[in-house]
file start22.txt (compact mmCIF, C-alpha atoms)
# COMPACT_ATOMS: atom_id res chain seq x y z
CA MET R 1 113.09 98.26 112.62
CA ASN R 2 111.94 98.62 109.01
CA VAL R 3 112.91 102.27 108.53
CA PRO R 4 111.14 102.85 105.16
CA PHE R 5 107.90 101.34 106.50
CA PHE R 6 108.13 103.38 109.73
CA LEU R 7 108.64 106.66 107.87
CA ALA R 8 105.90 105.81 105.35
CA ARG R 9 103.49 105.26 108.24
CA ARG R 10 104.38 108.65 109.70
CA ILE R 11 103.70 110.29 106.33
CA ARG R 12 100.35 108.51 106.07
CA HIS R 13 99.35 109.74 109.51
CA ALA R 14 99.72 113.39 108.56
CA PRO R 15 97.15 115.80 110.10
CA THR R 16 93.77 115.56 108.37
CA ALA R 17 93.82 119.27 107.54
CA SER R 18 97.20 119.10 105.80
CA PHE R 19 97.69 119.18 102.07
CA SER R 20 99.21 115.66 102.16
CA ALA R 21 96.04 114.22 103.69
CA THR R 22 93.88 115.85 101.01
CA VAL R 23 96.07 114.58 98.17
CA THR R 24 96.09 111.09 99.69
CA LYS R 25 92.30 111.04 99.82
CA VAL R 26 92.20 112.01 96.15
CA GLY R 27 94.50 109.11 95.27
CA ILE R 28 92.44 106.63 97.29
CA ALA R 29 89.22 107.92 95.73
CA SER R 30 90.58 107.55 92.18
CA ILE R 31 91.50 103.90 92.79
CA ALA R 32 88.19 103.17 94.54
CA VAL R 33 86.12 104.71 91.76
CA GLY R 34 88.12 102.93 89.06
CA LEU R 35 87.80 99.52 90.71
CA ALA R 36 84.09 99.98 91.49
CA VAL R 37 83.39 100.94 87.88
CA MET R 38 85.30 97.89 86.61
CA ILE R 39 83.42 95.52 88.93
CA ILE R 40 80.07 97.00 87.91
CA SER R 41 81.02 96.95 84.21
CA PHE R 42 81.93 93.25 84.22
CA ALA R 43 78.90 92.29 86.33
CA VAL R 44 76.54 94.12 83.95
CA LEU R 45 78.32 92.84 80.83
CA PHE R 46 78.19 89.22 81.97
CA GLY R 47 74.59 89.75 83.09
CA PHE R 48 73.59 91.02 79.64
CA LYS R 49 75.34 88.14 77.89
CA ARG R 50 73.90 85.48 80.21
CA THR R 51 70.35 86.85 79.97
CA ILE R 52 70.38 87.15 76.17
CA GLN R 53 72.01 83.74 75.72
CA GLN R 54 69.45 82.06 77.96
CA LYS R 55 66.62 83.65 76.00
CA ILE R 56 68.14 82.37 72.76
CA PHE R 57 68.66 78.90 74.23
CA LEU R 58 64.95 78.73 75.10
CA PHE R 59 64.16 78.11 71.44
CA GLY R 60 67.48 77.40 69.76
CA ALA R 61 69.25 75.18 72.30
CA HIS R 62 73.02 74.97 71.79
CA MET R 63 72.82 72.75 68.74
CA GLN R 64 70.07 71.42 66.49
CA VAL R 65 70.18 68.23 64.45
CA SER R 66 67.59 67.70 61.71
CA ARG R 67 67.15 65.73 58.52
CA PHE R 68 69.04 67.22 55.62
CA THR R 69 66.62 68.99 53.26
CA LEU R 70 66.56 71.87 50.81
CA ASN R 71 63.14 72.91 52.07
CA LEU R 72 63.29 76.34 53.76
CA SER R 73 59.75 76.31 55.13
CA TYR R 74 58.68 75.46 58.67
CA GLU R 75 57.63 71.97 57.57
CA GLU R 76 60.20 69.40 58.70
CA PRO R 77 60.92 65.94 57.32
CA PRO R 78 60.61 63.28 60.04
CA LEU R 79 63.61 62.26 62.11
CA PHE R 80 63.42 59.03 64.07
CA LEU R 81 64.14 58.52 67.76
CA ARG R 82 65.81 55.17 67.29
CA THR R 83 68.96 56.70 65.80
CA ASN R 84 72.33 56.07 67.47
CA LEU R 85 72.77 59.81 68.04
CA TYR R 86 69.60 60.15 70.10
CA LYS R 87 70.12 56.95 72.07
CA ASN R 88 73.83 57.53 72.78
CA ALA R 89 73.95 61.32 73.08
CA GLY R 90 74.66 61.09 76.82
CA GLN R 91 77.89 59.24 76.04
CA ILE R 92 79.24 62.05 73.83
CA SER R 93 81.74 64.13 75.78
CA GLY R 94 80.43 67.65 76.37
CA VAL R 95 76.72 66.90 75.72
CA SER R 96 74.60 67.42 78.84
CA HIS R 97 71.07 66.93 77.46
CA ILE R 98 69.18 66.01 74.28
CA GLN R 99 65.49 66.54 73.58
CA ALA R 100 63.20 65.87 70.63
CA VAL R 101 60.91 68.58 69.26
CA ALA R 102 58.85 69.34 66.17
CA GLN R 103 57.22 72.42 64.72
CA LYS R 104 54.34 73.25 62.42
CA ALA R 105 53.11 76.59 61.11
CA GLY R 106 49.50 77.71 61.41
CA ILE R 107 47.13 80.59 62.06
CA LEU R 108 45.60 81.50 65.42
CA LYS R 109 42.18 83.12 65.01
CA THR R 110 39.81 84.84 67.39
CA PRO R 111 36.51 86.51 66.43
CA ASP R 112 38.27 89.87 65.97
CA GLU R 113 41.95 89.09 65.33
CA LEU R 114 44.24 86.54 63.74
CA ALA R 115 47.99 85.91 63.90
CA GLY R 116 50.44 83.62 62.19
CA ALA R 117 52.29 81.32 64.58
CA VAL R 118 54.58 78.32 64.73
CA LEU R 119 53.55 75.58 67.12
CA LYS R 120 56.64 74.05 68.68
CA GLY R 121 55.81 70.61 69.99
CA VAL R 122 57.77 69.26 72.94
CA GLY R 123 57.67 66.00 74.85
CA ARG R 124 58.52 64.65 78.27
CA ASP R 125 62.25 64.96 77.61
CA TYR R 126 61.97 68.74 77.20
CA ASN R 127 64.00 70.77 79.72
CA TRP R 128 61.78 73.53 81.15
CA ASP R 129 64.38 74.92 83.57
CA LEU R 130 65.38 77.85 81.36
CA PHE R 131 61.78 78.62 80.46
CA ARG R 132 60.47 78.98 84.00
CA GLU R 133 62.09 82.42 84.39
CA SER R 134 60.17 83.72 81.36
CA ILE R 135 56.70 82.65 82.56
CA ILE R 136 54.76 85.75 83.59
CA ALA R 137 51.28 84.21 83.96
CA GLY R 138 49.72 80.78 84.24
CA LYS R 139 51.69 77.53 84.19
CA LEU R 140 53.62 75.23 81.90
CA PRO R 141 51.50 73.15 79.49
CA ALA R 142 50.99 69.45 80.04
CA VAL R 143 52.61 67.42 77.28
CA ALA R 144 52.76 63.79 76.19
CA PRO R 145 49.77 62.36 78.10
CA ASP R 146 49.39 58.61 78.41
CA SER R 147 46.83 58.59 75.59
CA GLY R 148 45.96 61.03 72.82
CA TYR R 149 47.53 64.47 72.86
CA SER R 150 47.32 67.62 74.98
CA THR R 151 45.75 70.83 73.64
CA GLU R 152 47.38 73.10 76.24
CA ILE R 153 49.72 75.75 74.87
CA LEU R 154 52.13 78.39 76.14
CA MET R 155 51.85 81.73 74.32
CA SER R 156 53.89 84.96 74.38
CA ARG R 157 52.42 88.08 75.97
CA ARG R 158 52.84 89.97 72.70
CA MET R 159 50.74 87.40 70.86
CA ALA R 160 48.17 87.18 73.69
CA ASP R 161 47.73 90.96 73.65
CA GLN R 162 47.33 90.95 69.87
CA LEU R 163 44.66 88.24 70.02
CA ARG R 164 43.16 89.61 73.27
CA LEU R 165 43.54 86.29 75.02
CA LYS R 166 43.99 85.49 78.70
CA VAL R 167 45.08 82.43 80.61
CA GLY R 168 42.39 79.78 80.55
CA GLU R 169 40.78 80.88 77.29
CA GLY R 170 40.58 78.75 74.15
CA VAL R 171 41.65 79.65 70.62
CA PRO R 172 41.43 77.66 67.36
CA MET R 173 44.58 77.15 65.33
CA TYR R 174 44.33 76.36 61.62
CA PHE R 175 47.03 74.23 59.99
CA ILE R 176 47.47 74.35 56.24
CA GLY R 177 48.55 71.23 54.40
CA ASN R 178 46.90 68.98 51.88
CA GLN R 179 43.75 70.06 53.62
CA LEU R 180 42.86 72.74 56.15
CA ARG R 181 42.65 71.35 59.66
CA ALA R 182 41.77 73.14 62.87
CA ARG R 183 42.41 72.31 66.51
CA LYS R 184 40.94 74.05 69.54
CA LEU R 185 43.82 74.92 71.87
CA LYS R 186 43.77 76.22 75.43
CA VAL R 187 46.11 78.96 76.67
CA VAL R 188 47.42 77.81 80.08
CA GLY R 189 50.47 80.05 80.33
CA ILE R 190 51.98 83.27 78.99
CA TYR R 191 55.70 83.93 78.57
CA GLU R 192 57.83 86.92 77.61
CA THR R 193 61.45 86.87 76.40
CA GLY R 194 61.75 90.37 74.91
CA LEU R 195 63.14 88.89 71.68
CA GLU R 196 60.66 89.79 68.96
CA GLU R 197 61.76 86.95 66.68
CA PHE R 198 60.44 84.48 69.25
CA ASP R 199 57.63 86.41 70.91
CA ASN R 200 55.95 87.15 67.58
CA THR R 201 56.08 83.56 66.38
CA ILE R 202 56.51 80.69 68.81
CA VAL R 203 53.73 78.85 70.65
CA LEU R 204 54.68 75.81 72.72
CA GLY R 205 52.49 72.73 72.91
CA ASP R 206 52.44 68.95 72.77
CA ILE R 207 54.63 67.17 70.23
CA ARG R 208 52.00 64.44 69.88
CA LEU R 209 49.62 66.97 68.35
CA ILE R 210 52.12 67.66 65.56
CA GLN R 211 52.75 63.95 65.11
CA ARG R 212 49.01 63.45 64.66
CA LEU R 213 48.73 66.36 62.20
CA ASN R 214 51.68 65.08 60.14
CA ASN R 215 50.53 61.45 60.27
CA TRP R 216 53.79 60.52 62.01
CA GLY R 217 54.35 57.66 64.37
CA PRO R 218 55.28 58.18 68.03
CA ASP R 219 58.97 57.71 67.25
CA SER R 220 59.07 60.47 64.59
CA VAL R 221 60.11 64.02 65.48
CA GLY R 222 61.20 67.15 63.63
CA ARG R 223 64.68 67.60 65.10
CA TYR R 224 66.91 67.04 68.10
CA GLU R 225 68.00 69.87 70.39
CA LEU R 226 71.27 69.37 72.24
CA PHE R 227 72.75 71.26 75.19
CA VAL R 228 76.42 71.29 76.11
CA SER R 229 77.94 71.35 79.58
CA ASP R 230 80.47 74.07 78.65
CA PHE R 231 79.30 76.63 76.11
CA ASP R 232 82.86 77.94 75.65
CA ARG R 233 83.72 74.54 74.14
CA LEU R 234 80.73 74.47 71.80
CA ASP R 235 82.82 74.01 68.64
CA GLN R 236 84.72 71.02 70.03
CA THR R 237 81.50 69.35 71.20
CA ALA R 238 79.83 70.09 67.85
CA ARG R 239 82.59 68.18 66.07
CA ARG R 240 81.98 65.14 68.27
CA VAL R 241 78.24 65.32 67.59
CA PHE R 242 78.92 65.64 63.87
CA ASP R 243 81.03 62.47 63.95
CA ALA R 244 78.13 60.61 65.61
CA MET R 245 75.55 61.76 63.02
CA SER R 246 74.36 59.75 60.05
CA PRO R 247 74.97 61.14 56.52
CA ASP R 248 71.37 62.33 56.11
CA MET R 249 71.52 64.64 59.16
CA ARG R 250 72.32 68.32 59.35
CA LEU R 251 73.94 70.12 62.34
CA LEU R 252 73.25 73.77 63.15
CA LYS R 253 74.97 75.60 66.02
CA VAL R 254 73.15 78.40 67.81
CA THR R 255 76.08 80.75 67.13
CA ASP R 256 75.49 80.27 63.41
CA GLN R 257 71.71 80.40 63.60
CA TYR R 258 71.68 83.71 65.50
CA ARG R 259 75.01 85.12 64.37
CA PRO R 260 74.00 88.84 64.55
CA LEU R 261 73.18 88.57 68.26
CA PHE R 262 76.43 86.77 69.08
CA ASP R 263 78.44 89.23 66.98
CA TRP R 264 76.80 92.03 68.95
CA MET R 265 77.89 90.39 72.22
CA VAL R 266 81.46 90.10 70.93
CA LEU R 267 81.35 93.82 70.13
CA LEU R 268 80.26 94.46 73.73
CA ASP R 269 83.34 92.59 74.95
CA ARG R 270 85.64 94.74 72.83
CA ASN R 271 84.05 98.00 73.92
CA THR R 272 84.24 96.98 77.56
CA ALA R 273 87.92 96.03 77.21
CA VAL R 274 88.77 99.44 75.75
CA PHE R 275 86.75 101.16 78.47
CA LEU R 276 88.52 99.27 81.25
CA VAL R 277 91.97 99.98 79.82
CA LEU R 278 91.15 103.70 79.87
CA ILE R 279 89.97 103.45 83.50
CA LEU R 280 93.19 101.72 84.57
CA PHE R 281 95.27 104.30 82.68
CA VAL R 282 93.51 107.20 84.38
CA ALA R 283 93.83 105.58 87.82
CA SER R 284 97.54 104.93 87.26
CA PHE R 285 98.11 108.49 86.04
CA ASN R 286 96.31 109.85 89.10
CA MET R 287 98.49 107.77 91.42
CA VAL R 288 101.66 109.03 89.70
CA SER R 289 100.47 112.61 90.09
CA VAL R 290 99.51 112.11 93.75
CA LEU R 291 102.86 110.54 94.60
CA LEU R 292 104.77 113.30 92.83
CA VAL R 293 102.86 115.93 94.83
CA LEU R 294 103.63 114.09 98.08
CA MET R 295 107.32 113.89 97.22
CA MET R 296 107.49 117.58 96.31
CA GLU R 297 105.87 118.45 99.63
CA ARG R 298 108.37 116.23 101.44
CA THR R 299 111.43 117.52 99.56
CA PRO R 300 113.06 118.97 102.75
CA MET R 301 112.59 115.59 104.46
CA ILE R 302 114.18 113.81 101.50
CA GLY R 303 117.14 116.20 101.58
CA LEU R 304 117.59 115.71 105.34
CA LEU R 305 117.51 111.90 105.04
CA LYS R 306 120.04 112.04 102.21
CA ALA R 307 122.29 114.29 104.30
CA LEU R 308 122.08 111.71 107.12
CA GLY R 309 123.26 108.96 104.75
CA SER R 310 120.07 107.46 103.34
CA ASN R 311 120.44 106.07 99.83
CA ASN R 312 117.98 106.57 96.95
CA GLN R 313 116.65 103.00 97.19
CA LEU R 314 115.57 103.49 100.81
CA LEU R 315 113.79 106.76 99.97
CA ARG R 316 112.03 105.20 96.99
CA ARG R 317 110.75 102.40 99.22
CA ILE R 318 109.30 104.97 101.64
CA PHE R 319 107.05 106.51 99.01
CA PHE R 320 106.37 103.14 97.41
CA TYR R 321 104.91 101.99 100.74
CA VAL R 322 102.86 105.19 100.90
CA GLY R 323 101.45 104.40 97.47
CA LEU R 324 100.74 100.77 98.40
CA ASN R 325 98.77 101.95 101.42
CA MET R 326 96.61 104.12 99.17
CA ILE R 327 96.10 101.17 96.83
CA ILE R 328 94.93 98.91 99.69
CA TRP R 329 92.46 101.50 100.99
CA GLY R 330 91.28 102.23 97.46
CA LEU R 331 90.70 98.51 96.77
CA LEU R 332 88.82 98.09 100.04
CA ILE R 333 86.49 101.02 99.37
CA GLY R 334 86.14 100.14 95.67
CA ASN R 335 85.12 96.56 96.43
CA VAL R 336 82.57 97.66 99.01
CA VAL R 337 81.04 100.26 96.66
CA GLY R 338 81.14 98.12 93.50
CA ILE R 339 79.87 94.89 95.05
CA GLY R 340 77.34 96.80 97.15
CA LEU R 341 75.81 98.58 94.15
CA CYS R 342 75.70 95.31 92.19
CA TRP R 343 73.94 93.60 95.10
CA LEU R 344 71.34 96.36 95.32
CA GLN R 345 70.62 96.10 91.59
CA ASP R 346 70.51 92.30 91.68
CA ALA R 347 68.18 92.24 94.69
CA TYR R 348 65.83 95.13 93.92
CA GLN R 349 66.19 95.83 90.12
CA LEU R 350 66.52 99.58 90.78
CA ILE R 351 67.55 100.46 87.20
CA PRO R 352 64.84 99.51 84.64
CA LEU R 353 65.30 99.01 80.91
CA ASP R 354 63.05 99.14 77.88
CA PRO R 355 62.53 95.49 76.79
CA LYS R 356 61.94 96.60 73.18
CA ASN R 357 65.52 97.88 72.94
CA TYR R 358 67.44 95.76 75.43
CA TYR R 359 65.50 92.44 75.44
CA MET R 360 65.13 92.66 79.25
CA SER R 361 63.19 94.79 81.72
CA TYR R 362 66.05 95.69 84.09
CA VAL R 363 69.85 95.78 84.22
CA PRO R 364 70.99 92.20 84.97
CA ILE R 365 73.88 91.32 87.27
CA GLU R 366 76.05 88.21 86.93
CA TRP R 367 78.31 87.31 89.86
CA ASP R 368 81.75 86.06 88.81
CA TRP R 369 84.03 86.13 91.85
CA THR R 370 86.99 84.90 89.84
CA VAL R 371 86.83 88.00 87.65
CA ILE R 372 86.49 90.26 90.71
CA ILE R 373 89.61 88.71 92.26
CA ILE R 374 91.50 89.07 88.97
CA LEU R 375 90.49 92.74 88.77
CA ASN R 376 91.85 93.36 92.26
CA ILE R 377 95.12 91.58 91.54
CA ALA R 378 95.53 93.33 88.17
CA THR R 379 94.91 96.73 89.79
CA ILE R 380 97.51 96.06 92.48
CA ILE R 381 100.15 94.84 90.03
CA LEU R 382 99.62 97.60 87.45
CA ILE R 383 99.48 100.56 89.83
CA ALA R 384 102.30 99.17 92.00
CA ALA R 385 104.47 98.90 88.89
CA VAL R 386 103.60 102.45 87.87
CA LEU R 387 104.43 103.74 91.38
CA TRP R 388 108.15 103.17 90.76
CA ILE R 389 108.13 105.82 88.02
CA PRO R 390 107.63 108.94 90.21
CA THR R 391 110.07 107.63 92.85
CA LEU R 392 112.88 107.97 90.28
CA VAL R 393 112.61 111.73 90.81
CA ILE R 394 114.27 111.17 94.21
CA ASN R 395 117.55 110.39 92.43
CA ARG R 396 117.67 113.98 91.14
CA ILE R 397 117.02 115.68 94.47
CA GLN R 398 120.24 117.17 95.89
CA PRO R 399 120.49 117.54 99.69
CA VAL R 400 121.91 121.10 99.55
CA ARG R 401 118.99 122.41 97.51
CA ALA R 402 116.38 120.27 99.22
CA LEU R 403 117.19 121.60 102.68
CA VAL R 404 116.46 125.17 101.57
CA PHE R 405 113.40 124.13 99.50
CA LYS R 406 110.39 126.31 100.22
CA LYS R 407 106.90 124.98 99.81
call {"tool": "encode", "arguments": {"input": "start22.txt", "output": "structure tokens"}}
result
Amino acid sequence: MNVPFFLARRIRHAPTASFSATVTKVGIASIAVGLAVMIISFAVLFGFKRTIQQKIFLFGAHMQVSRFTLNLSYEEPPLFLRTNLYKNAGQISGVSHIQAVAQKAGILKTPDELAGAVLKGVGRDYNWDLFRESIIAGKLPAVAPDSGYSTEILMSRRMADQLRLKVGEGVPMYFIGNQLRARKLKVVGIYETGLEEFDNTIVLGDIRLIQRLNNWGPDSVGRYELFVSDFDRLDQTARRVFDAMSPDMRLLKVTDQYRPLFDWMVLLDRNTAVFLVLILFVASFNMVSVLLVLMMERTPMIGLLKALGSNNQLLRRIFFYVGLNMIIWGLLIGNVVGIGLCWLQDAYQLIPLDPKNYYMSYVPIEWDWTVIIILNIATIILIAAVLWIPTLVINRIQPVRALVFKK
């Protein structure tokens, strides 16, 4: 028979109305609340980061390659599609997709309103997967027809409200160059990202329209947009892309282009780390307090076992098993509560947000089961290690005094 485990089980099965049972419930609750808060914190943090990054990648991709120029305007010098980088991008380790785009600034005008905008032209190689989640009305524009160019555009809701436009309506766009030129465009879809820098500026349309306006050939574009298979290895992949570029090209990473947003996300990581350390500290302190109370209540039992020949190591194992039982129950309840609340928020978006301040309309949830498993293991290891501290008090309990100890 495992004597420490047997005695620990008897202590755990104390009457529900006893003081030991109440203290045990407090210890289990502290672990459960701490773990649930950590699971929710990481799910929300990763959800925020993923949502914001995807919104940035809609327009910035992971990397951009353009012709080197000192011009800071929206006008781009032409970049050709027959370069080795564009043709062999799929062979560069870490690059998952490359697409050619171009942009041109202009003015959208209705009878009552006008707004400055940048038409971003895309072709058949454009990846719309990220953009589909941001479409709130209409459809994606048709691009790169077999002949001519498409006049369908995708506009932000902020811009559509300003110009009082709806899906299906037409709007002229004036392009300023050597001469003023106008094109009648049709709004076929409306998107919303919550990022003002994009929503106030970008209109998506056909790259062939920009090629026609700039008197470019079909193999001329404004820049390449590249996506990587592992964003955590962006710097390593960027170096490989840089080695494949010609001397007249310029590489820009999204982390450099939108540095304030990425710095803000790093700050979120630091704040969350400090917050989680405090939670683990409080949970560990609560477990130490609970175990000390249980040992003080069981002082006569400790004295009797010592008088019968039990050594300090056996007694410490008894209360260590009691603490492990509370940890297991706390983890079970904490996982159910934390994962359950995250599932409710992910499925029903119960907690809304102001898109003007948070760039999204509800609290996002990102499921990372590896992190959840690590949190459980870290909680077990840390609190189990801390549990040995209060058991050292057993060494100082003398049988003679313990047997006359009054609660």
call {"tool": "residues_around", "arguments": {"input": "start22.txt", "residues": "stretch 364-375 of chain R", "least_positions_apart": "6", "cutoff": "7 Å", "atoms": "only C-alpha atoms", "output": "list in words"}}
result
Ile39, Ala43, Val44, Phe46, Gly47, Phe48, Cys342 and Asp346 of chain R
call {"tool": "residues_near_point", "arguments": {"input": "start22.txt", "point": "(64.5, 69.3, 77.9)", "cutoff": "10 Å", "atoms": "all atoms listed in the file", "output": "list in words"}}
result
Leu58, Ala61, His97, Ile98, Gln99, Ala100, Val101, Val122, Gly123, Arg124, Asp125, Tyr126, Asn127, Trp128, Asp129, Leu130, Glu225, Leu226 and Phe227 of chain R
call {"tool": "closest_atom_pairs", "arguments": {"input": "start22.txt", "of": "stretch 91-166 of chain R", "to": "stretch 173-184 of chain R", "cutoff": "9 Å", "atoms": "all atoms listed in the file", "output": "tab-separated table"}}
result
residue	atom	partner	partner_atom	distance
R:Lys104	CA	R:Phe175	CA	7.8
R:Ala105	CA	R:Phe175	CA	6.6
R:Gly106	CA	R:Phe175	CA	4.5
R:Ile107	CA	R:Tyr174	CA	5.1
R:Leu108	CA	R:Met173	CA	4.5
R:Lys109	CA	R:Met173	CA	6.4
R:Ala117	CA	R:Met173	CA	8.8
R:Thr151	CA	R:Lys184	CA	7.1
call {"tool": "atom_distance", "arguments": {"input": "start22.txt", "atom1": "atom CA of R:Pro399", "atom2": "atom CA of R:Asn311"}}
result
11.5 Å
call {"tool": "residues_around", "arguments": {"input": "start22.txt", "residues": "R:Leu85", "least_positions_apart": "4", "cutoff": "10 Å", "atoms": "all atoms listed in the file", "output": "mmCIF file with C-alpha atoms, in the coordinates of the input"}}
result
data_model
loop_
_atom_site.group_PDB
_atom_site.id
_atom_site.type_symbol
_atom_site.label_atom_id
_atom_site.label_comp_id
_atom_site.auth_asym_id
_atom_site.auth_seq_id
_atom_site.Cartn_x
_atom_site.Cartn_y
_atom_site.Cartn_z
ATOM 1 C CA VAL R 65 70.180 68.230 64.450
ATOM 2 C CA LEU R 81 64.140 58.520 67.760
ATOM 3 C CA ALA R 89 73.950 61.320 73.080
ATOM 4 C CA GLY R 90 74.660 61.090 76.820
ATOM 5 C CA GLN R 91 77.890 59.240 76.040
ATOM 6 C CA ILE R 92 79.240 62.050 73.830
ATOM 7 C CA ILE R 98 69.180 66.010 74.280
ATOM 8 C CA TYR R 224 66.910 67.040 68.100
ATOM 9 C CA VAL R 241 78.240 65.320 67.590
ATOM 10 C CA PHE R 242 78.920 65.640 63.870
ATOM 11 C CA ASP R 243 81.030 62.470 63.950
ATOM 12 C CA ALA R 244 78.130 60.610 65.610
ATOM 13 C CA MET R 245 75.550 61.760 63.020
ATOM 14 C CA SER R 246 74.360 59.750 60.050
#
call {"tool": "closest_residue", "arguments": {"input": "start22.txt", "among": "R:Lys49, R:Lys55, R:Arg317, R:Arg270", "to": "R:Asp199", "atoms": "all atoms listed in the file"}}
result
R:Lys55
call {"tool": "residues_around", "arguments": {"input": "start22.txt", "residues": "R:Asp230", "least_positions_apart": "2", "cutoff": "9 Å", "atoms": "all atoms listed in the file", "output": "list of chain:residue names"}}
result
R:Gly94, R:Val95, R:Ser96, R:Phe227, R:Val228, R:Asp232, R:Arg233, R:Leu234, R:Thr237
call {"tool": "closest_residue", "arguments": {"input": "start22.txt", "among": "R:Thr379, R:Glu196, R:Lys166, R:Asp263", "to": "R:Asn357", "atoms": "all atoms listed in the file"}}
result
R:Glu196
call {"tool": "atom_distance", "arguments": {"input": "start22.txt", "atom1": "atom CA of R:Tyr86", "atom2": "atom CA of R:Phe68"}}
result
16.1 Å
call {"tool": "closest_residue", "arguments": {"input": "start22.txt", "among": "R:Phe131, R:Tyr348, R:Phe198, R:Tyr358", "to": "R:Leu119", "atoms": "all atoms listed in the file"}}
result
R:Phe198
call {"tool": "closest_residue", "arguments": {"input": "start22.txt", "among": "R:Val282, R:Ala160, R:Ile153, R:Val277", "to": "R:Ser30", "atoms": "all atoms listed in the file"}}
result
R:Val282
